[in-house]
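**Student:** File follows, start-v1.txt with compact mmCIF, C-alpha atoms and all ligand atoms:
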```
# COMPACT_ATOMS: atom_id res chain seq x y z
CA MET L 1 -85.55 50.58 -20.13
CA SER L 2 -87.26 48.70 -17.34
CA VAL L 3 -90.50 50.37 -16.21
CA ILE L 4 -92.77 52.97 -17.81
CA GLY L 5 -94.93 54.99 -15.42
CA ILE L 6 -98.07 56.61 -16.77
CA LEU L 7 -100.24 59.31 -15.24
CA THR L 8 -103.18 61.53 -16.17
CA ALA L 9 -103.24 65.01 -14.62
CA GLY L 10 -105.45 68.11 -14.79
CA GLY L 11 -109.08 68.11 -15.94
CA ASP L 12 -110.26 64.82 -17.43
CA CYS L 13 -111.00 64.54 -21.11
CA PRO L 14 -112.62 61.91 -23.36
CA GLY L 15 -109.88 59.65 -24.75
CA LEU L 16 -107.65 59.41 -21.67
CA ASN L 17 -108.46 55.72 -21.26
CA ALA L 18 -107.71 55.11 -24.92
CA VAL L 19 -104.20 56.57 -24.42
CA ILE L 20 -103.64 54.48 -21.27
CA ARG L 21 -104.68 51.39 -23.22
CA GLY L 22 -102.46 52.36 -26.16
CA VAL L 23 -99.36 52.84 -23.99
CA THR L 24 -100.02 49.70 -21.92
CA VAL L 25 -100.66 47.26 -24.74
CA ARG L 26 -97.85 48.61 -26.93
CA ALA L 27 -95.30 48.60 -24.11
CA THR L 28 -96.19 45.28 -22.51
CA GLU L 29 -97.16 43.23 -25.59
CA THR L 30 -94.96 44.65 -28.34
CA HIS L 31 -91.93 45.71 -26.32
CA ASP L 32 -92.20 43.46 -23.27
CA VAL L 33 -91.74 46.42 -20.94
CA GLU L 34 -93.50 46.78 -17.60
CA VAL L 35 -96.09 49.56 -17.13
CA LEU L 36 -97.17 51.11 -13.84
CA GLY L 37 -100.26 53.30 -13.62
CA ILE L 38 -99.84 56.22 -11.22
CA LEU L 39 -103.08 57.11 -9.44
CA ASN L 40 -104.61 60.59 -9.24
CA GLY L 41 -102.05 62.44 -11.35
CA TRP L 42 -98.94 63.91 -9.77
CA GLN L 43 -100.41 63.20 -6.35
CA GLY L 44 -99.87 59.46 -6.89
CA LEU L 45 -96.28 60.06 -7.95
CA ILE L 46 -95.56 62.12 -4.86
CA GLU L 47 -97.42 59.78 -2.49
CA GLY L 48 -96.38 56.48 -4.08
CA ASP L 49 -99.81 55.32 -5.26
CA THR L 50 -99.31 53.01 -8.25
CA VAL L 51 -100.89 49.94 -9.88
CA SER L 52 -99.39 47.46 -12.29
CA LEU L 53 -101.01 47.49 -15.77
CA ASP L 54 -101.14 44.80 -18.43
CA ARG L 55 -103.38 43.98 -21.35
CA ASP L 56 -106.12 42.48 -19.18
CA ASP L 57 -106.25 45.56 -16.94
CA VAL L 58 -107.06 47.82 -19.88
CA ARG L 59 -109.64 45.67 -21.63
CA GLY L 60 -112.98 47.44 -22.12
CA ILE L 61 -111.73 50.96 -21.37
CA LEU L 62 -111.35 52.23 -24.96
CA THR L 63 -114.88 53.58 -25.11
CA ARG L 64 -115.06 54.91 -21.56
CA GLY L 65 -114.81 58.59 -20.64
CA GLY L 66 -112.88 59.79 -17.58
CA THR L 67 -109.64 58.07 -16.61
CA MET L 68 -109.18 54.68 -14.97
CA LEU L 69 -106.15 56.15 -13.15
CA GLY L 70 -107.98 59.13 -11.67
CA THR L 71 -106.67 62.67 -11.94
CA SER L 72 -106.08 65.75 -9.82
CA ARG L 73 -104.86 69.31 -10.27
CA MET L 74 -101.96 68.77 -7.88
CA ASP L 75 -98.63 69.90 -9.37
CA PRO L 76 -95.13 68.79 -8.31
CA TYR L 77 -93.79 72.35 -8.56
CA VAL L 78 -96.77 74.12 -6.98
CA HIS L 79 -97.54 71.59 -4.26
CA GLY L 80 -94.16 69.83 -4.00
CA THR L 81 -90.46 70.36 -4.59
CA GLY L 82 -90.24 69.16 -8.20
CA LEU L 83 -88.26 65.99 -8.92
CA GLU L 84 -87.17 65.77 -5.29
CA SER L 85 -90.78 65.16 -4.19
CA CYS L 86 -91.16 62.29 -6.70
CA LYS L 87 -87.84 60.56 -6.03
CA ASN L 88 -89.08 58.16 -3.37
CA THR L 89 -91.71 56.66 -5.65
CA LEU L 90 -89.37 56.57 -8.64
CA ARG L 91 -86.76 54.70 -6.62
CA LYS L 92 -89.22 52.24 -5.04
CA THR L 93 -90.97 51.40 -8.30
CA GLY L 94 -88.00 51.47 -10.68
CA ILE L 95 -89.89 53.79 -13.05
CA ASP L 96 -87.31 55.20 -15.46
CA THR L 97 -89.59 56.87 -17.99
CA LEU L 98 -92.77 58.75 -17.25
CA VAL L 99 -95.57 59.12 -19.80
CA VAL L 100 -97.47 62.22 -18.76
CA ILE L 101 -100.92 62.81 -20.26
CA GLY L 102 -101.97 66.37 -19.61
CA GLY L 103 -102.78 69.90 -20.70
CA ASP L 104 -100.51 72.96 -20.77
CA GLY L 105 -99.91 73.16 -17.00
CA THR L 106 -99.13 69.47 -16.72
CA LEU L 107 -96.82 69.53 -19.74
CA ARG L 108 -94.95 72.50 -18.24
CA SER L 109 -94.25 70.42 -15.13
CA ALA L 110 -93.26 67.50 -17.37
CA LEU L 111 -90.78 69.79 -19.14
CA GLN L 112 -89.30 70.94 -15.81
CA LEU L 113 -88.94 67.33 -14.61
CA SER L 114 -87.16 66.41 -17.84
CA GLU L 115 -84.84 69.39 -17.33
CA GLU L 116 -84.09 68.02 -13.87
CA GLY L 117 -83.05 64.75 -15.50
CA LEU L 118 -86.12 62.50 -15.52
CA ASN L 119 -87.07 60.76 -18.78
CA VAL L 120 -90.46 62.15 -19.74
CA ILE L 121 -92.74 61.73 -22.75
CA GLY L 122 -95.75 64.06 -22.93
CA VAL L 123 -99.16 63.31 -24.44
CA PRO L 124 -101.21 66.49 -25.10
CA LYS L 125 -104.69 66.29 -23.66
CA THR L 126 -107.48 68.83 -23.40
CA ILE L 127 -110.93 69.52 -24.74
CA ASP L 128 -109.72 73.15 -25.07
CA ASN L 129 -107.44 72.31 -28.06
CA ASP L 130 -105.00 75.02 -26.98
CA ILE L 131 -101.69 73.16 -26.82
CA ASN L 132 -98.97 74.48 -29.06
CA GLY L 133 -97.15 72.17 -31.48
CA THR L 134 -100.03 69.82 -32.27
CA ASP L 135 -102.77 70.38 -34.83
CA MET L 136 -105.38 69.00 -32.48
CA THR L 137 -105.72 67.49 -29.02
CA PHE L 138 -107.85 64.44 -28.31
CA GLY L 139 -111.08 65.25 -26.47
CA PHE L 140 -111.66 68.37 -28.54
CA ASP L 141 -113.63 66.55 -31.23
CA THR L 142 -115.91 65.01 -28.60
CA ALA L 143 -116.50 68.37 -26.89
CA VAL L 144 -117.28 70.00 -30.24
CA SER L 145 -119.75 67.21 -31.09
CA VAL L 146 -121.56 67.68 -27.78
CA ALA L 147 -121.68 71.47 -28.20
CA THR L 148 -122.88 71.14 -31.80
CA GLU L 149 -125.70 68.86 -30.73
CA ALA L 150 -126.64 71.45 -28.10
CA ILE L 151 -126.81 74.17 -30.77
CA ASP L 152 -129.02 71.96 -32.96
CA ARG L 153 -131.36 71.32 -30.04
CA LEU L 154 -131.45 74.95 -28.94
CA ALA L 155 -132.30 76.10 -32.47
CA SER L 156 -135.68 74.38 -32.56
CA THR L 157 -136.84 75.62 -29.16
CA ALA L 158 -135.45 79.11 -29.89
CA GLU L 159 -137.46 79.20 -33.10
CA ALA L 160 -140.65 78.03 -31.37
CA HIS L 161 -140.40 80.88 -28.83
CA ASN L 162 -138.73 83.66 -30.87
CA ARG L 163 -135.83 83.76 -28.46
CA VAL L 164 -132.16 84.57 -28.54
CA MET L 165 -130.23 81.64 -27.10
CA LEU L 166 -126.75 82.08 -25.65
CA LEU L 167 -124.84 78.82 -25.45
CA GLU L 168 -121.78 79.05 -23.22
CA VAL L 169 -119.10 76.45 -23.89
CA MET L 170 -115.80 75.61 -22.21
CA GLY L 171 -112.31 76.40 -23.46
CA ARG L 172 -110.70 78.46 -20.71
CA THR L 173 -108.78 81.36 -22.27
CA LYS L 174 -109.26 80.13 -25.85
CA GLY L 175 -112.26 79.92 -28.13
CA TRP L 176 -111.66 76.70 -30.07
CA ILE L 177 -114.75 74.82 -28.89
CA ALA L 178 -116.92 77.91 -29.43
CA THR L 179 -115.57 78.52 -32.94
CA TYR L 180 -115.74 74.93 -34.19
CA SER L 181 -119.16 74.17 -32.70
CA GLY L 182 -120.39 77.55 -33.90
CA ILE L 183 -119.31 76.75 -37.46
CA ALA L 184 -120.77 73.24 -37.26
CA GLY L 185 -124.05 74.47 -35.79
CA GLY L 186 -124.41 77.57 -37.97
CA ALA L 187 -124.27 80.04 -35.05
CA ASP L 188 -125.36 83.62 -35.75
CA ALA L 189 -122.53 85.05 -33.65
CA ILE L 190 -119.59 83.57 -31.77
CA LEU L 191 -117.85 85.43 -28.94
CA ILE L 192 -114.33 84.25 -28.11
CA PRO L 193 -111.56 85.66 -25.89
CA GLU L 194 -109.20 86.13 -28.85
CA VAL L 195 -111.51 88.64 -30.58
CA PRO L 196 -112.97 91.72 -28.82
CA TYR L 197 -116.75 91.71 -29.00
CA ASP L 198 -119.32 94.48 -29.38
CA LEU L 199 -122.81 93.74 -28.07
CA ASP L 200 -124.30 96.43 -30.35
CA GLU L 201 -123.02 94.39 -33.29
CA VAL L 202 -124.51 91.21 -31.87
CA ALA L 203 -127.82 93.03 -31.41
CA SER L 204 -127.82 94.32 -34.97
CA ILE L 205 -127.22 90.76 -36.28
CA VAL L 206 -130.22 89.56 -34.27
CA LYS L 207 -132.42 92.44 -35.53
CA LYS L 208 -131.33 91.93 -39.12
CA ARG L 209 -132.32 88.26 -38.89
CA TYR L 210 -135.69 89.30 -37.46
CA ARG L 211 -136.30 91.67 -40.40
CA ALA L 212 -135.45 88.81 -42.76
CA GLY L 213 -138.11 86.67 -41.09
CA ARG L 214 -135.77 84.60 -38.86
CA ARG L 215 -137.22 85.35 -35.44
CA PHE L 216 -134.58 83.56 -33.36
CA SER L 217 -130.80 83.61 -33.00
CA ILE L 218 -128.08 81.41 -31.57
CA VAL L 219 -125.01 83.03 -30.05
CA VAL L 220 -122.13 80.82 -28.88
CA VAL L 221 -120.12 82.30 -26.02
CA ALA L 222 -116.72 80.98 -24.93
CA GLU L 223 -116.49 80.82 -21.14
CA GLY L 224 -113.29 82.86 -21.20
CA VAL L 225 -114.68 86.07 -22.74
CA ALA L 226 -114.60 89.14 -20.54
CA PRO L 227 -117.88 90.29 -18.95
CA PRO L 228 -119.29 93.63 -20.15
CA LYS L 229 -117.50 96.74 -18.85
CA GLY L 230 -118.33 97.48 -15.25
CA VAL L 231 -119.54 93.94 -14.48
CA LYS L 232 -117.47 91.93 -12.05
CA LEU L 233 -117.96 88.17 -11.94
CA ASP L 234 -117.73 86.24 -8.72
CA VAL L 235 -114.90 83.90 -9.76
CA ARG L 236 -114.30 81.10 -7.26
CA LYS L 237 -111.20 78.95 -7.05
CA ASP L 238 -110.93 75.18 -6.88
CA ALA L 239 -109.15 73.23 -4.15
CA PHE L 240 -105.78 73.85 -5.84
CA GLY L 241 -106.29 77.59 -6.34
CA PHE L 242 -107.25 77.48 -10.05
CA GLU L 243 -110.04 79.81 -11.21
CA ARG L 244 -113.36 78.12 -11.90
CA LEU L 245 -114.83 79.64 -15.05
CA GLY L 246 -118.44 79.39 -16.17
CA GLY L 247 -121.42 81.72 -16.23
CA VAL L 248 -120.12 84.77 -18.09
CA ALA L 249 -123.02 84.43 -20.57
CA TYR L 250 -125.42 85.42 -17.80
CA SER L 251 -123.71 88.81 -17.65
CA LEU L 252 -124.18 89.35 -21.42
CA ALA L 253 -127.81 88.26 -21.74
CA PRO L 254 -129.57 91.30 -20.17
CA THR L 255 -127.79 93.76 -22.49
CA ILE L 256 -128.60 91.67 -25.58
CA GLU L 257 -132.23 91.41 -24.43
CA ASP L 258 -132.43 95.19 -23.85
CA LEU L 259 -130.79 96.08 -27.16
CA THR L 260 -132.88 93.67 -29.26
CA GLY L 261 -136.16 93.51 -27.39
CA PHE L 262 -136.06 89.70 -27.66
CA GLU L 263 -136.19 87.39 -24.72
CA THR L 264 -132.63 86.12 -24.26
CA ARG L 265 -131.91 82.85 -22.49
CA VAL L 266 -128.66 81.25 -21.38
CA THR L 267 -127.48 77.64 -21.44
CA VAL L 268 -124.16 76.85 -19.78
CA LEU L 269 -123.10 73.48 -21.18
CA GLY L 270 -120.42 72.80 -18.57
CA HIS L 271 -118.92 69.40 -17.84
CA VAL L 272 -121.28 67.52 -20.13
CA GLN L 273 -118.72 68.48 -22.82
CA ARG L 274 -116.05 66.51 -21.00
CA GLY L 275 -117.96 63.45 -19.89
CA GLY L 276 -119.00 60.28 -21.68
CA THR L 277 -117.64 58.26 -24.52
CA PRO L 278 -115.10 59.77 -26.94
CA THR L 279 -115.97 60.13 -30.62
CA ALA L 280 -114.40 57.68 -33.08
CA PHE L 281 -111.96 60.42 -34.14
CA ASP L 282 -110.79 60.93 -30.55
CA ARG L 283 -110.50 57.19 -29.92
CA VAL L 284 -108.27 56.78 -32.96
CA LEU L 285 -106.15 59.87 -32.20
CA ALA L 286 -105.73 58.90 -28.53
CA THR L 287 -104.79 55.33 -29.45
CA ARG L 288 -102.20 56.51 -31.98
CA LEU L 289 -100.71 58.93 -29.43
CA GLY L 290 -100.51 56.20 -26.78
CA VAL L 291 -98.75 53.78 -29.13
CA ALA L 292 -96.31 56.48 -30.26
CA ALA L 293 -95.59 57.49 -26.64
CA ALA L 294 -94.75 53.89 -25.72
CA ASP L 295 -92.46 53.56 -28.76
CA LEU L 296 -90.61 56.79 -27.87
CA ALA L 297 -90.28 55.77 -24.22
CA VAL L 298 -88.80 52.41 -25.20
CA ALA L 299 -86.46 54.15 -27.67
CA GLY L 300 -85.08 56.18 -24.74
CA GLU L 301 -86.43 59.53 -25.92
CA SER L 302 -87.22 62.27 -23.42
CA GLY L 303 -88.36 65.89 -23.28
CA VAL L 304 -90.78 65.42 -26.17
CA MET L 305 -94.51 65.26 -26.65
CA VAL L 306 -96.33 63.15 -29.23
CA ALA L 307 -98.23 65.43 -31.61
CA LEU L 308 -100.57 65.32 -34.58
CA ARG L 309 -99.08 67.20 -37.54
CA GLY L 310 -101.16 66.83 -40.67
CA SER L 311 -101.94 63.12 -40.68
CA GLU L 312 -98.73 62.04 -38.92
CA ILE L 313 -97.93 61.48 -35.25
CA VAL L 314 -94.53 63.05 -34.59
CA PRO L 315 -92.37 63.99 -31.59
CA VAL L 316 -92.30 67.70 -30.78
CA SER L 317 -90.13 69.18 -28.02
CA LEU L 318 -91.91 69.91 -24.76
CA GLU L 319 -90.27 73.29 -24.93
CA GLU L 320 -92.15 74.09 -28.15
CA ALA L 321 -95.37 72.71 -26.66
CA CYS L 322 -95.05 74.97 -23.61
CA SER L 323 -93.81 78.09 -25.41
CA THR L 324 -97.32 79.52 -25.84
CA VAL L 325 -100.99 78.69 -25.44
CA ARG L 326 -102.46 78.28 -28.92
CA GLY L 327 -105.40 80.52 -29.74
CA VAL L 328 -107.97 80.44 -32.53
CA THR L 329 -106.34 81.56 -35.76
CA GLU L 330 -107.70 84.49 -37.74
CA ASP L 331 -108.47 82.39 -40.81
CA ILE L 332 -110.72 80.00 -38.88
CA TYR L 333 -112.58 82.81 -37.11
CA ASP L 334 -112.94 84.49 -40.49
CA VAL L 335 -114.68 81.38 -41.85
CA ALA L 336 -117.00 81.37 -38.82
CA SER L 337 -117.87 85.07 -39.07
CA THR L 338 -118.64 84.80 -42.78
CA PHE L 339 -121.90 83.11 -41.74
CA PHE L 340 -122.92 85.37 -38.84
CA GLY L 341 -126.49 86.62 -39.05
O1 LIG L 401 -109.22 72.68 -19.40
C1 LIG L 401 -110.35 71.91 -19.59
C2 LIG L 401 -111.53 72.52 -18.89
O2 LIG L 401 -112.67 71.71 -19.12
C3 LIG L 401 -111.83 73.98 -19.25
O3 LIG L 401 -112.47 74.09 -20.49
C4 LIG L 401 -112.64 74.40 -18.06
O4 LIG L 401 -112.60 75.79 -17.84
C5 LIG L 401 -111.97 73.70 -16.94
O5 LIG L 401 -111.31 72.57 -17.49
C6 LIG L 401 -112.91 73.25 -15.85
O6 LIG L 401 -112.17 72.60 -14.89
P1 LIG L 401 -112.78 71.98 -13.58
O7 LIG L 401 -113.49 70.72 -13.96
O8 LIG L 401 -111.61 71.70 -12.71
O9 LIG L 401 -113.71 72.97 -13.01
```
For this file, produce the structure as structure tokens.
Ligand code: F6P

**Tutor:**
Amino acid sequence: MSVIGILTAGGDCPGLNAVIRGVTVRATETHDVEVLGILNGWQGLIEGDTVSLDRDDVRGILTRGGTMLGTSRMDPYVHGTGLESCKNTLRKTGIDTLVVIGGDGTLRSALQLSEEGLNVIGVPKTIDNDINGTDMTFGFDTAVSVATEAIDRLASTAEAHNRVMLLEVMGRTKGWIATYSGIAGGADAILIPEVPYDLDEVASIVKKRYRAGRRFSIVVVAEGVAPPKGVKLDVRKDAFGFERLGGVAYSLAPTIEDLTGFETRVTVLGHVQRGGTPTAFDRVLATRLGVAAADLAVAGESGVMVALRGSEIVPVSLEEACSTVRGVTEDIYDVASTFFG
């Protein structure tokens, strides 16, 4: 083992810097192995943009959101020719193991690179919490905390004005942030992509609350739920051709308002869930994952991702991680729906 390369790809997520710090300090100080940071995700690997990292370079970043390495949605298999397009940089820098911090798309590319023969260790990252093989991803706890605070704040203004408040949260095709923040904030209904919704049911919850003297309601909406039948959203794509979600709650609000007779307002929380300092839980998880990734890289492991299972950090095959996108389980949604209304 001579050089570990580390990159962050895909959407950013609170805790990325904590992982970079964990890998760097563990590799350079404990194992005496060189670390190179690769700038702007896969783009830096393809274009040869790297910086040397040691303990001093990563001081002060533990608490910072974003990623000191930058990120992009570029992908070596979508925008390049796989391992071939990274070979120049790998040869020039002497990188022999790559630590890849990313979500499901990034980990899929990491798996393919490892199948082509590159040593790769994955670190699961996403506020969406949808990566298979790990109990939780770092960044999720921070996003849930931000969304929960939003629910708390919306509740008091909703109550003052007798309104129904729809809070739309991120999560792409899965409803983890919606379900967890909805439980934590005591939401009256939670709409997620995994469970078909019925706006008549939502309306009857709101009306039942009204009859019981609670003249406001909070409905959490995951950004990935389908719009009502017959409504087509104007979904734009980002620079790399990925769909930009956000705003579906606006298509639900008029029907809820018409069915209930209550003014219905929408808040789309957006990127505020992803920015800023990670929670203590995410800092600890990200640090543990970074340390474990460095240890596995130095041990010559490849094709695995570091994962949280129970209270342990363990290696899980990238194949298992990429075999499916993990959705909200029935038992958790059942807990949430117990308190609807
Ligand atoms: O995957 C994380 C995530 O924040 C999703 O919840 C969201 O849909 C998406 O990324 C937004 O990505 P971007 O910042 O590229 O628009």

**Student:** Could you report the residues within 8 Å of ligand LIG 401 (chain L), using all atoms listed in the file, as an NGL selection string?

**Tutor:** :L and (10-13 or 73 or 103 or 126-128 or 169-172 or 223-224 or 238 or 242-246 or 270-271 or 273-274)

**Student:** Which residues come within 7 Å of L:Asp282, counting all atoms listed in the file, excluding same-chain residues fewer than 4 positions away, as a short mmCIF file (atom, residue, chain, number, x, y, z; two decimals) with C-alpha atoms, in the coordinates of the input?

**Tutor:**
```cif
data_model
loop_
_atom_site.label_atom_id
_atom_site.label_comp_id
_atom_site.auth_asym_id
_atom_site.auth_seq_id
_atom_site.Cartn_x
_atom_site.Cartn_y
_atom_site.Cartn_z
CA GLY L 15 -109.88 59.65 -24.75
CA PHE L 138 -107.85 64.44 -28.31
CA GLY L 139 -111.08 65.25 -26.47
CA ASP L 141 -113.63 66.55 -31.23
CA THR L 142 -115.91 65.01 -28.60
CA PRO L 278 -115.10 59.77 -26.94
CA ALA L 286 -105.73 58.90 -28.53
#
```

**Student:** Could you tell me which of L:Gly82, L:Pro14, L:Pro193, L:Gly261 comes closest to L:Gly66 if we count all atoms listed in the file?

**Tutor:**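 Closest candidate: L:Pro14.
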
**Student:** What gap, in Å, lies between atom CA of L:Ile4 and atom CA of L:Ile61?

**Tutor:**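 Between atom CA of L:Ile4 and atom CA of L:Ile61 the gap works out to 19.4 Å.
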
**Student:** Given the point (-88.3, 54.0, -22.2) in the file's coordinates, find the residues that have an atom at most 8 Å from it, counting all atoms listed in the file, and give them as a PyMOL selection string.

**Tutor:** chain L and resi 1-4+96-97+119+294-301

**Student:** Give me, as a list in words, all polymer residues having an atom no more than 10 Å from stretch 213-216 of chain L, counting all atoms listed in the file and skipping those fewer than 4 positions away in the same chain.

**Tutor:**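 Contacts, with the query itself left out: Ala155, Ser156, Thr157, Ala158, Glu159, Ala160, His161, Asn162, Arg163, Val164, Met165, Asp188, Val206, Lys207, Lys208, Arg209, Phe262, Glu263, Thr264 and Gly341 of chain L.
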
**Student:** Counting all atoms listed in the file, which residue out of L:Gly186, L:Gly175, L:Gly133, L:Gly230 sits closest to L:Val316?

**Tutor:**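 That would be L:Gly133, the residue with the smallest distance to L:Val316.
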
**Student:** Between atom CA of L:Asp104 and atom CA of L:Val335, measure the distance and give it in Å to one decimal.

**Tutor:** 26.8 Å

**Student:** For a quick check of understanding, using all atoms listed in the file, which of L:Val202, L:Cys86, L:Val314, L:Ile6 has the smallest distance to L:Val120?

**Tutor:** L:Ile6

**Student:** Return the single residue from L:Ala212, L:Ile121, L:Ala321, L:Ala249 that is closest to L:Leu269, with distances computed using all atoms listed in the file.

**Tutor:**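 Between L:Ala212, L:Ile121, L:Ala321, L:Ala249, the residue approaching L:Leu269 most closely is L:Ala249.
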
**Student:** Take atom CA of L:Thr255 and atom CA of L:Leu199 and report the distance between them in Å, one decimal.

**Tutor:**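 Going from atom CA of L:Thr255 over to atom CA of L:Leu199 covers 7.5 Å.
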
**Student:** Using all atoms listed in the file, find the one residue out of L:Val100, L:Ala280, L:Lys87, L:Ser302 that sits nearest to L:Ile38.

**Tutor:**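 That would be L:Val100, the residue with the smallest distance to L:Ile38.
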
**Student:** Would you mind telling me which residue in L:Val33, L:Val325, L:Ile151, L:Ala143 lies nearest to L:Phe281 when using all atoms listed in the file?

**Tutor:** L:Ala143

**Student:** Find the axis-aligned box for stretch 332-338 of chain L, covering all its listed atoms and adding 6 Å on each side, and write its centre and edge lengths in Å to one decimal as lines of an AutoDock Vina configuration file.

**Tutor:**
```
center_x = -114.7
center_y = 82.5
center_z = -39.9
size_x = 19.9
size_y = 17.1
size_z = 17.7
```

**Student:** Give me the residues near L:Asp75 as a list in words, where near means some atom within 8 Å (using only C-alpha atoms) and where sequence neighbours in that chain fewer than 4 positions away do not count.

**Tutor:**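 Residues near the query, excluding close chain neighbours: Trp42, Gln43, His79, Gly80, Thr106 and Ser109 of chain L.
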